[in-house]
$ cat data-v7.txt   # compact mmCIF, N, CA and C atoms
# COMPACT_ATOMS: atom_id res chain seq x y z
N MET A 59 0.84 -1.17 0.00
CA MET A 59 0.00 0.00 0.00
C MET A 59 0.89 1.25 0.00
N LYS A 60 0.66 2.12 -0.96
CA LYS A 60 1.46 3.34 -1.10
C LYS A 60 0.78 4.50 -0.38
N ILE A 61 1.53 5.13 0.54
CA ILE A 61 1.00 6.24 1.32
C ILE A 61 1.82 7.50 1.03
N LEU A 62 1.12 8.59 0.76
CA LEU A 62 1.76 9.89 0.56
C LEU A 62 1.60 10.71 1.83
N VAL A 63 2.71 11.13 2.43
CA VAL A 63 2.71 11.94 3.64
C VAL A 63 3.09 13.37 3.24
N VAL A 64 2.20 14.32 3.56
CA VAL A 64 2.40 15.71 3.15
C VAL A 64 2.40 16.60 4.40
N ASP A 65 3.55 17.22 4.67
CA ASP A 65 3.67 18.14 5.81
C ASP A 65 4.90 19.00 5.56
N ASP A 66 4.80 20.28 5.84
CA ASP A 66 5.95 21.16 5.63
C ASP A 66 7.02 21.00 6.71
N SER A 67 6.69 20.34 7.79
CA SER A 67 7.66 20.10 8.86
C SER A 67 8.36 18.75 8.64
N LEU A 68 9.68 18.81 8.43
CA LEU A 68 10.45 17.59 8.26
C LEU A 68 10.33 16.70 9.49
N THR A 69 10.36 17.30 10.67
CA THR A 69 10.24 16.54 11.91
C THR A 69 8.91 15.79 11.97
N MET A 70 7.83 16.47 11.62
CA MET A 70 6.51 15.82 11.65
C MET A 70 6.44 14.70 10.61
N ARG A 71 7.00 14.94 9.43
CA ARG A 71 7.01 13.87 8.41
C ARG A 71 7.75 12.66 8.94
N LYS A 72 8.88 12.87 9.61
CA LYS A 72 9.64 11.74 10.16
C LYS A 72 8.83 11.00 11.22
N ILE A 73 8.13 11.74 12.07
CA ILE A 73 7.29 11.10 13.10
C ILE A 73 6.21 10.25 12.43
N ILE A 74 5.56 10.79 11.42
CA ILE A 74 4.49 10.05 10.72
C ILE A 74 5.06 8.84 10.01
N VAL A 75 6.17 9.02 9.29
CA VAL A 75 6.78 7.91 8.55
C VAL A 75 7.23 6.81 9.52
N ASN A 76 7.83 7.19 10.64
CA ASN A 76 8.25 6.19 11.64
C ASN A 76 7.05 5.45 12.22
N SER A 77 5.97 6.19 12.49
CA SER A 77 4.74 5.55 12.99
C SER A 77 4.19 4.57 11.97
N LEU A 78 4.18 4.98 10.71
CA LEU A 78 3.69 4.10 9.65
C LEU A 78 4.57 2.86 9.52
N SER A 79 5.86 3.04 9.63
CA SER A 79 6.79 1.92 9.55
C SER A 79 6.52 0.91 10.67
N ARG A 80 6.29 1.40 11.89
CA ARG A 80 5.98 0.52 13.01
C ARG A 80 4.66 -0.22 12.81
N LEU A 81 3.77 0.39 12.02
CA LEU A 81 2.48 -0.25 11.73
C LEU A 81 2.57 -1.21 10.53
N GLY A 82 3.76 -1.28 9.92
CA GLY A 82 3.97 -2.22 8.83
C GLY A 82 3.89 -1.61 7.43
N PHE A 83 3.72 -0.30 7.34
CA PHE A 83 3.67 0.35 6.03
C PHE A 83 5.08 0.74 5.60
N LYS A 84 5.52 0.22 4.47
CA LYS A 84 6.88 0.45 4.02
C LYS A 84 6.95 1.36 2.79
N GLU A 85 5.90 1.38 1.99
CA GLU A 85 5.91 2.19 0.78
C GLU A 85 5.31 3.57 1.08
N VAL A 86 6.20 4.48 1.48
CA VAL A 86 5.77 5.82 1.88
C VAL A 86 6.54 6.85 1.06
N VAL A 87 5.80 7.79 0.50
CA VAL A 87 6.37 8.89 -0.28
C VAL A 87 6.08 10.17 0.49
N GLU A 88 7.01 11.14 0.43
CA GLU A 88 6.85 12.38 1.18
C GLU A 88 6.82 13.59 0.27
N ALA A 89 6.11 14.63 0.72
CA ALA A 89 6.10 15.93 0.05
C ALA A 89 6.00 16.99 1.13
N ASP A 90 6.63 18.16 0.89
CA ASP A 90 6.64 19.19 1.93
C ASP A 90 5.61 20.30 1.72
N ASN A 91 4.75 20.14 0.70
CA ASN A 91 3.62 21.06 0.54
C ASN A 91 2.61 20.44 -0.42
N GLY A 92 1.44 21.02 -0.48
CA GLY A 92 0.37 20.47 -1.30
C GLY A 92 0.68 20.48 -2.78
N LYS A 93 1.38 21.50 -3.24
CA LYS A 93 1.72 21.59 -4.67
C LYS A 93 2.60 20.42 -5.09
N LYS A 94 3.66 20.17 -4.31
CA LYS A 94 4.55 19.04 -4.62
C LYS A 94 3.80 17.72 -4.49
N ALA A 95 2.92 17.62 -3.52
CA ALA A 95 2.13 16.40 -3.33
C ALA A 95 1.26 16.14 -4.55
N PHE A 96 0.58 17.18 -5.05
CA PHE A 96 -0.30 17.01 -6.20
C PHE A 96 0.51 16.63 -7.44
N GLU A 97 1.69 17.22 -7.60
CA GLU A 97 2.57 16.84 -8.71
C GLU A 97 2.98 15.38 -8.59
N THR A 98 3.33 14.95 -7.38
CA THR A 98 3.71 13.55 -7.14
C THR A 98 2.55 12.61 -7.48
N LEU A 99 1.35 12.97 -7.04
CA LEU A 99 0.17 12.15 -7.31
C LEU A 99 -0.13 12.10 -8.81
N SER A 100 0.01 13.22 -9.47
CA SER A 100 -0.34 13.31 -10.89
C SER A 100 0.66 12.60 -11.78
N THR A 101 1.94 12.61 -11.41
CA THR A 101 2.97 12.01 -12.26
C THR A 101 3.45 10.66 -11.75
N GLY A 102 3.21 10.35 -10.48
CA GLY A 102 3.75 9.13 -9.91
C GLY A 102 2.76 7.99 -9.76
N GLY A 103 1.63 8.09 -10.41
CA GLY A 103 0.67 6.99 -10.36
C GLY A 103 -0.25 6.99 -9.16
N GLY A 104 -0.32 8.11 -8.44
CA GLY A 104 -1.26 8.20 -7.33
C GLY A 104 -0.74 7.57 -6.06
N ALA A 105 -1.65 7.36 -5.14
CA ALA A 105 -1.35 6.74 -3.84
C ALA A 105 -2.61 6.04 -3.36
N ASP A 106 -2.43 5.12 -2.45
CA ASP A 106 -3.58 4.42 -1.88
C ASP A 106 -4.19 5.19 -0.71
N LEU A 107 -3.39 6.10 -0.13
CA LEU A 107 -3.84 6.91 1.00
C LEU A 107 -2.98 8.16 1.06
N ILE A 108 -3.63 9.29 1.34
CA ILE A 108 -2.91 10.56 1.52
C ILE A 108 -3.08 10.99 2.97
N LEU A 109 -1.96 11.29 3.63
CA LEU A 109 -1.96 11.85 4.97
C LEU A 109 -1.42 13.27 4.82
N THR A 110 -2.25 14.27 5.09
CA THR A 110 -1.81 15.64 4.85
C THR A 110 -2.06 16.57 6.02
N ASP A 111 -1.12 17.50 6.19
CA ASP A 111 -1.29 18.60 7.12
C ASP A 111 -2.21 19.62 6.46
N TRP A 112 -2.72 20.56 7.24
CA TRP A 112 -3.57 21.62 6.70
C TRP A 112 -2.73 22.82 6.31
N ASN A 113 -1.96 23.34 7.27
CA ASN A 113 -1.22 24.59 7.09
C ASN A 113 0.15 24.35 6.48
N MET A 114 0.27 24.69 5.18
CA MET A 114 1.54 24.54 4.46
C MET A 114 1.68 25.68 3.45
N PRO A 115 2.92 25.98 3.07
CA PRO A 115 3.13 27.01 2.05
C PRO A 115 2.77 26.49 0.65
N GLU A 116 2.62 27.39 -0.27
CA GLU A 116 2.35 27.14 -1.69
C GLU A 116 0.96 26.56 -1.97
N MET A 117 0.60 25.48 -1.30
CA MET A 117 -0.74 24.90 -1.43
C MET A 117 -1.07 24.21 -0.12
N SER A 118 -2.12 24.65 0.54
CA SER A 118 -2.49 24.07 1.83
C SER A 118 -3.06 22.66 1.66
N GLY A 119 -3.20 21.98 2.77
CA GLY A 119 -3.80 20.65 2.73
C GLY A 119 -5.24 20.70 2.24
N LEU A 120 -5.96 21.73 2.62
CA LEU A 120 -7.35 21.89 2.17
C LEU A 120 -7.40 22.08 0.66
N GLU A 121 -6.49 22.90 0.13
CA GLU A 121 -6.42 23.10 -1.33
C GLU A 121 -6.01 21.81 -2.03
N LEU A 122 -5.11 21.04 -1.41
CA LEU A 122 -4.71 19.75 -1.97
C LEU A 122 -5.91 18.81 -2.06
N ILE A 123 -6.69 18.74 -1.00
CA ILE A 123 -7.88 17.88 -1.00
C ILE A 123 -8.84 18.30 -2.11
N GLN A 124 -9.04 19.59 -2.26
CA GLN A 124 -9.93 20.09 -3.30
C GLN A 124 -9.41 19.73 -4.69
N ALA A 125 -8.08 19.82 -4.89
CA ALA A 125 -7.48 19.46 -6.17
C ALA A 125 -7.63 17.96 -6.44
N VAL A 126 -7.40 17.15 -5.40
CA VAL A 126 -7.54 15.69 -5.54
C VAL A 126 -8.99 15.33 -5.87
N ARG A 127 -9.93 15.90 -5.14
CA ARG A 127 -11.35 15.58 -5.37
C ARG A 127 -11.83 16.08 -6.73
N GLY A 128 -11.14 17.07 -7.31
CA GLY A 128 -11.51 17.59 -8.62
C GLY A 128 -10.83 16.87 -9.78
N ASN A 129 -9.99 15.89 -9.47
CA ASN A 129 -9.25 15.15 -10.50
C ASN A 129 -9.85 13.75 -10.64
N ASP A 130 -10.33 13.43 -11.83
CA ASP A 130 -11.02 12.14 -12.05
C ASP A 130 -10.17 10.93 -11.66
N ALA A 131 -8.87 11.00 -11.94
CA ALA A 131 -7.99 9.85 -11.66
C ALA A 131 -7.70 9.70 -10.17
N LEU A 132 -7.83 10.77 -9.41
CA LEU A 132 -7.44 10.75 -8.00
C LEU A 132 -8.59 10.89 -7.02
N LYS A 133 -9.75 11.28 -7.48
CA LYS A 133 -10.83 11.73 -6.59
C LYS A 133 -11.31 10.72 -5.57
N LYS A 134 -11.08 9.44 -5.81
CA LYS A 134 -11.52 8.42 -4.84
C LYS A 134 -10.44 8.05 -3.83
N THR A 135 -9.27 8.69 -3.93
CA THR A 135 -8.18 8.40 -3.00
C THR A 135 -8.55 8.84 -1.59
N PRO A 136 -8.47 7.94 -0.62
CA PRO A 136 -8.77 8.31 0.77
C PRO A 136 -7.76 9.34 1.29
N VAL A 137 -8.27 10.32 2.05
CA VAL A 137 -7.42 11.37 2.61
C VAL A 137 -7.67 11.47 4.12
N LEU A 138 -6.58 11.43 4.87
CA LEU A 138 -6.61 11.63 6.32
C LEU A 138 -5.85 12.92 6.61
N MET A 139 -6.53 13.89 7.18
CA MET A 139 -5.88 15.15 7.52
C MET A 139 -5.33 15.06 8.93
N ILE A 140 -4.03 15.38 9.07
CA ILE A 140 -3.35 15.37 10.36
C ILE A 140 -2.89 16.80 10.63
N THR A 141 -3.49 17.46 11.61
CA THR A 141 -3.26 18.89 11.79
C THR A 141 -3.43 19.32 13.23
N THR A 142 -2.99 20.52 13.51
CA THR A 142 -3.21 21.12 14.84
C THR A 142 -4.56 21.83 14.88
N ASN A 143 -5.18 22.03 13.73
CA ASN A 143 -6.49 22.70 13.67
C ASN A 143 -7.54 21.79 14.28
N SER A 144 -8.07 22.19 15.43
CA SER A 144 -9.01 21.31 16.13
C SER A 144 -10.38 21.93 16.35
N ALA A 145 -10.58 23.16 15.91
CA ALA A 145 -11.89 23.80 16.08
C ALA A 145 -12.94 23.07 15.26
N LYS A 146 -14.13 22.96 15.82
CA LYS A 146 -15.21 22.21 15.18
C LYS A 146 -15.47 22.71 13.76
N GLU A 147 -15.47 24.03 13.56
CA GLU A 147 -15.76 24.57 12.23
C GLU A 147 -14.67 24.20 11.22
N GLU A 148 -13.42 24.05 11.68
CA GLU A 148 -12.34 23.62 10.78
C GLU A 148 -12.50 22.16 10.40
N VAL A 149 -12.88 21.33 11.35
CA VAL A 149 -13.13 19.92 11.06
C VAL A 149 -14.26 19.80 10.04
N VAL A 150 -15.32 20.56 10.24
CA VAL A 150 -16.47 20.54 9.32
C VAL A 150 -16.04 21.01 7.93
N GLU A 151 -15.22 22.06 7.88
CA GLU A 151 -14.74 22.57 6.59
C GLU A 151 -13.94 21.51 5.85
N ALA A 152 -13.06 20.80 6.57
CA ALA A 152 -12.26 19.73 5.95
C ALA A 152 -13.15 18.60 5.46
N LEU A 153 -14.13 18.22 6.25
CA LEU A 153 -15.05 17.15 5.84
C LEU A 153 -15.84 17.55 4.60
N LYS A 154 -16.27 18.80 4.55
CA LYS A 154 -16.99 19.29 3.36
C LYS A 154 -16.10 19.29 2.12
N ALA A 155 -14.80 19.53 2.32
CA ALA A 155 -13.85 19.54 1.20
C ALA A 155 -13.58 18.13 0.68
N GLY A 156 -13.90 17.12 1.51
CA GLY A 156 -13.74 15.74 1.05
C GLY A 156 -12.77 14.89 1.82
N VAL A 157 -12.29 15.37 2.97
CA VAL A 157 -11.40 14.55 3.77
C VAL A 157 -12.19 13.36 4.33
N ASN A 158 -11.55 12.19 4.39
CA ASN A 158 -12.22 10.99 4.88
C ASN A 158 -12.15 10.84 6.40
N ASN A 159 -11.09 11.39 7.00
CA ASN A 159 -10.94 11.33 8.44
C ASN A 159 -10.00 12.43 8.88
N TYR A 160 -9.95 12.68 10.18
CA TYR A 160 -9.27 13.85 10.72
C TYR A 160 -8.56 13.45 12.00
N LEU A 161 -7.30 13.82 12.12
CA LEU A 161 -6.50 13.48 13.29
C LEU A 161 -5.79 14.74 13.78
N VAL A 162 -5.94 15.05 15.06
CA VAL A 162 -5.35 16.25 15.63
C VAL A 162 -3.99 15.91 16.24
N LYS A 163 -2.98 16.74 15.92
CA LYS A 163 -1.64 16.61 16.51
C LYS A 163 -1.68 17.16 17.93
N PRO A 164 -0.90 16.61 18.84
CA PRO A 164 -0.08 15.41 18.70
C PRO A 164 -0.94 14.15 18.75
N PHE A 165 -0.39 13.06 18.27
CA PHE A 165 -1.13 11.81 18.23
C PHE A 165 -0.19 10.65 18.55
N THR A 166 -0.75 9.50 18.83
CA THR A 166 0.05 8.30 19.08
C THR A 166 -0.04 7.39 17.84
N PRO A 167 0.93 6.48 17.68
CA PRO A 167 0.83 5.54 16.56
C PRO A 167 -0.47 4.72 16.61
N GLU A 168 -0.95 4.43 17.80
CA GLU A 168 -2.19 3.66 17.93
C GLU A 168 -3.38 4.46 17.38
N THR A 169 -3.41 5.76 17.67
CA THR A 169 -4.49 6.61 17.17
C THR A 169 -4.40 6.73 15.66
N LEU A 170 -3.19 6.86 15.13
CA LEU A 170 -3.00 6.90 13.68
C LEU A 170 -3.53 5.62 13.04
N LYS A 171 -3.21 4.49 13.65
CA LYS A 171 -3.69 3.21 13.13
C LYS A 171 -5.22 3.16 13.13
N GLU A 172 -5.85 3.60 14.21
CA GLU A 172 -7.31 3.62 14.29
C GLU A 172 -7.92 4.46 13.17
N LYS A 173 -7.33 5.64 12.93
CA LYS A 173 -7.84 6.54 11.90
C LYS A 173 -7.67 5.95 10.51
N ILE A 174 -6.53 5.31 10.27
CA ILE A 174 -6.29 4.66 8.97
C ILE A 174 -7.29 3.53 8.76
N LEU A 175 -7.48 2.69 9.80
CA LEU A 175 -8.41 1.57 9.69
C LEU A 175 -9.85 2.04 9.50
N ALA A 176 -10.19 3.21 10.02
CA ALA A 176 -11.54 3.76 9.82
C ALA A 176 -11.76 4.14 8.36
N VAL A 177 -10.67 4.47 7.66
CA VAL A 177 -10.75 4.87 6.25
C VAL A 177 -10.58 3.66 5.33
N ILE A 178 -9.61 2.80 5.66
CA ILE A 178 -9.32 1.59 4.87
C ILE A 178 -9.30 0.41 5.84
N PRO A 179 -10.43 -0.27 6.01
CA PRO A 179 -10.56 -1.31 7.04
C PRO A 179 -9.51 -2.43 7.01
N ASN A 180 -9.01 -2.81 5.85
CA ASN A 180 -8.06 -3.92 5.77
C ASN A 180 -6.61 -3.45 5.63
N ALA A 181 -6.34 -2.18 5.97
CA ALA A 181 -5.02 -1.60 5.74
C ALA A 181 -3.92 -2.22 6.59
N CYS A 182 -4.22 -2.54 7.84
CA CYS A 182 -3.18 -3.07 8.75
C CYS A 182 -3.44 -4.53 9.06
$ encode --input "data-v7.txt" --output "structure tokens"
Amino acid sequence: MKILVVDDSLTMRKIIVNSLSRLGFKEVVEADNGKKAFETLSTGGGADLILTDWNMPEMSGLELIQAVRGNDALKKTPVLMITTNSAKEEVVEALKAGVNNYLVKPFTPETLKEKILAVIPNAC
């Protein structure tokens, strides 16, 4: 299963990638903003799951989700937003944009696993 991790923080990407590795996911691709992520998805054959931050330069996670949902080849790709944005209206905005699940930082590997399994039941 190919997972795309999108976050402008190298430290956070490492935390997510290490958590995914402990959960058994080995095929992980990284991008440091939504624009690079969308380019990777468009030219690299997509991904089975996108884990994205909200607040990033060049293209936010919300804009990335909107771009993915507007692309016929990518629109069914599950998206899990991992962010510090925890206000109810922000969660609702992300859900309306098409995010499949939402995880607030900081998180544990167990919580990440639960969120992934809620989106893709046979993932782990």
$ closest_residue --input "data-v7.txt" --among "A:Leu132, A:Met59, A:Leu81, A:Met114" --to "Ser100 (chain A)" --atoms "only C-alpha atoms"
A:Leu132
$ residues_around --input "data-v7.txt" --residues "Thr110 (chain A)" --least-positions-apart "3" --cutoff "6.5 Å" --atoms "only N, CA and C atoms" --output "ChimeraX atom specification"
/A:62-65,119,137-141
$ closest_residue --input "data-v7.txt" --among "A:Val75, A:Cys182, A:Leu120, A:Ala105" --to "Ala155 (chain A)" --atoms "only C-alpha atoms"
A:Leu120
$ atom_distance --input "data-v7.txt" --atom1 "atom C of Gly103 (chain A)" --atom2 "atom C of Asp130 (chain A)"
11.0 Å
$ closest_residue --input "data-v7.txt" --among "A:Arg71, A:Glu116, A:Ala95, A:Val162" --to "Ser144 (chain A)" --atoms "only C-alpha atoms"
A:Val162
$ select_by_dssp --input "data-v7.txt" --residues "chain A" --states "strand (DSSP E)" --output "JSON, numbers by chain"
{"A": [60, 61, 62, 63, 64, 85, 86, 87, 88, 89, 107, 108, 109, 110, 137, 138, 139, 140, 141, 159, 160, 161, 162]}
$ residues_around --input "data-v7.txt" --residues "region 122-126 of chain A" --least-positions-apart "4" --cutoff "8 Å" --atoms "only N, CA and C atoms" --output "NGL selection string"
:A and (91-93 or 95-96 or 117-118 or 130-135 or 137 or 155-157)
$ write_last_selection --input "data-v7.txt" --atoms "N, CA and C atoms" --output "mmCIF file, in the frame of the given file"
data_model
loop_
_atom_site.group_PDB
_atom_site.id
_atom_site.type_symbol
_atom_site.label_atom_id
_atom_site.label_comp_id
_atom_site.auth_asym_id
_atom_site.auth_seq_id
_atom_site.Cartn_x
_atom_site.Cartn_y
_atom_site.Cartn_z
ATOM 1 N N ASN A 91 4.750 20.140 0.700
ATOM 2 C CA ASN A 91 3.620 21.060 0.540
ATOM 3 C C ASN A 91 2.610 20.440 -0.420
ATOM 4 N N GLY A 92 1.440 21.020 -0.480
ATOM 5 C CA GLY A 92 0.370 20.470 -1.300
ATOM 6 C C GLY A 92 0.680 20.480 -2.780
ATOM 7 N N LYS A 93 1.380 21.500 -3.240
ATOM 8 C CA LYS A 93 1.720 21.590 -4.670
ATOM 9 C C LYS A 93 2.600 20.420 -5.090
ATOM 10 N N ALA A 95 2.920 17.620 -3.520
ATOM 11 C CA ALA A 95 2.130 16.400 -3.330
ATOM 12 C C ALA A 95 1.260 16.140 -4.550
ATOM 13 N N PHE A 96 0.580 17.180 -5.050
ATOM 14 C CA PHE A 96 -0.300 17.010 -6.200
ATOM 15 C C PHE A 96 0.510 16.630 -7.440
ATOM 16 N N MET A 117 0.600 25.480 -1.300
ATOM 17 C CA MET A 117 -0.740 24.900 -1.430
ATOM 18 C C MET A 117 -1.070 24.210 -0.120
ATOM 19 N N SER A 118 -2.120 24.650 0.540
ATOM 20 C CA SER A 118 -2.490 24.070 1.830
ATOM 21 C C SER A 118 -3.060 22.660 1.660
ATOM 22 N N ASP A 130 -10.330 13.430 -11.830
ATOM 23 C CA ASP A 130 -11.020 12.140 -12.050
ATOM 24 C C ASP A 130 -10.170 10.930 -11.660
ATOM 25 N N ALA A 131 -8.870 11.000 -11.940
ATOM 26 C CA ALA A 131 -7.990 9.850 -11.660
ATOM 27 C C ALA A 131 -7.700 9.700 -10.170
ATOM 28 N N LEU A 132 -7.830 10.770 -9.410
ATOM 29 C CA LEU A 132 -7.440 10.750 -8.000
ATOM 30 C C LEU A 132 -8.590 10.890 -7.020
ATOM 31 N N LYS A 133 -9.750 11.280 -7.480
ATOM 32 C CA LYS A 133 -10.830 11.730 -6.590
ATOM 33 C C LYS A 133 -11.310 10.720 -5.570
ATOM 34 N N LYS A 134 -11.080 9.440 -5.810
ATOM 35 C CA LYS A 134 -11.520 8.420 -4.840
ATOM 36 C C LYS A 134 -10.440 8.050 -3.830
ATOM 37 N N THR A 135 -9.270 8.690 -3.930
ATOM 38 C CA THR A 135 -8.180 8.400 -3.000
ATOM 39 C C THR A 135 -8.550 8.840 -1.590
ATOM 40 N N VAL A 137 -8.270 10.320 2.050
ATOM 41 C CA VAL A 137 -7.420 11.370 2.610
ATOM 42 C C VAL A 137 -7.670 11.470 4.120
ATOM 43 N N ALA A 155 -14.800 19.530 2.320
ATOM 44 C CA ALA A 155 -13.850 19.540 1.200
ATOM 45 C C ALA A 155 -13.580 18.130 0.680
ATOM 46 N N GLY A 156 -13.900 17.120 1.510
ATOM 47 C CA GLY A 156 -13.740 15.740 1.050
ATOM 48 C C GLY A 156 -12.770 14.890 1.820
ATOM 49 N N VAL A 157 -12.290 15.370 2.970
ATOM 50 C CA VAL A 157 -11.400 14.550 3.770
ATOM 51 C C VAL A 157 -12.190 13.360 4.330
#
$ select_by_dssp --input "data-v7.txt" --residues "region 69-104 of chain A" --states "alpha helix (DSSP H)" --output "VMD selection string"
chain A and resid 69 to 80 92 to 101
$ atom_distance --input "data-v7.txt" --atom1 "atom N of Gly102 (chain A)" --atom2 "CA of Leu68 (chain A)"
21.4 Å
$ residues_around --input "data-v7.txt" --residues "Lys171 (chain A)" --least-positions-apart "5" --cutoff "8 Å" --atoms "all atoms listed in the file" --output "list in words"
Ser77, Leu78, Leu81, Thr166, Ala176, Val177 and Cys182 of chain A
$ atom_distance --input "data-v7.txt" --atom1 "atom C of Glu121 (chain A)" --atom2 "atom N of Glu148 (chain A)"
15.7 Å
$ closest_residue --input "data-v7.txt" --among "A:Glu147, A:Asp106, A:Asp66, A:Glu97" --to "Phe83 (chain A)" --atoms "only C-alpha atoms"
A:Asp106
$ closest_residue --input "data-v7.txt" --among "A:Ala89, A:Ile108, A:Asn143, A:Thr101" --to "Lys163 (chain A)" --atoms "all atoms listed in the file"
A:Asn143
$ closest_residue --input "data-v7.txt" --among "A:Ser67, A:Leu109, A:Thr142, A:Thr98" --to "Pro164 (chain A)" --atoms "all atoms listed in the file"
A:Thr142
$ residues_around --input "data-v7.txt" --residues "Lys173 (chain A)" --least-positions-apart "6" --cutoff "8 Å" --atoms "only N, CA and C atoms" --output "ChimeraX atom specification"
/A:138,158-161,167
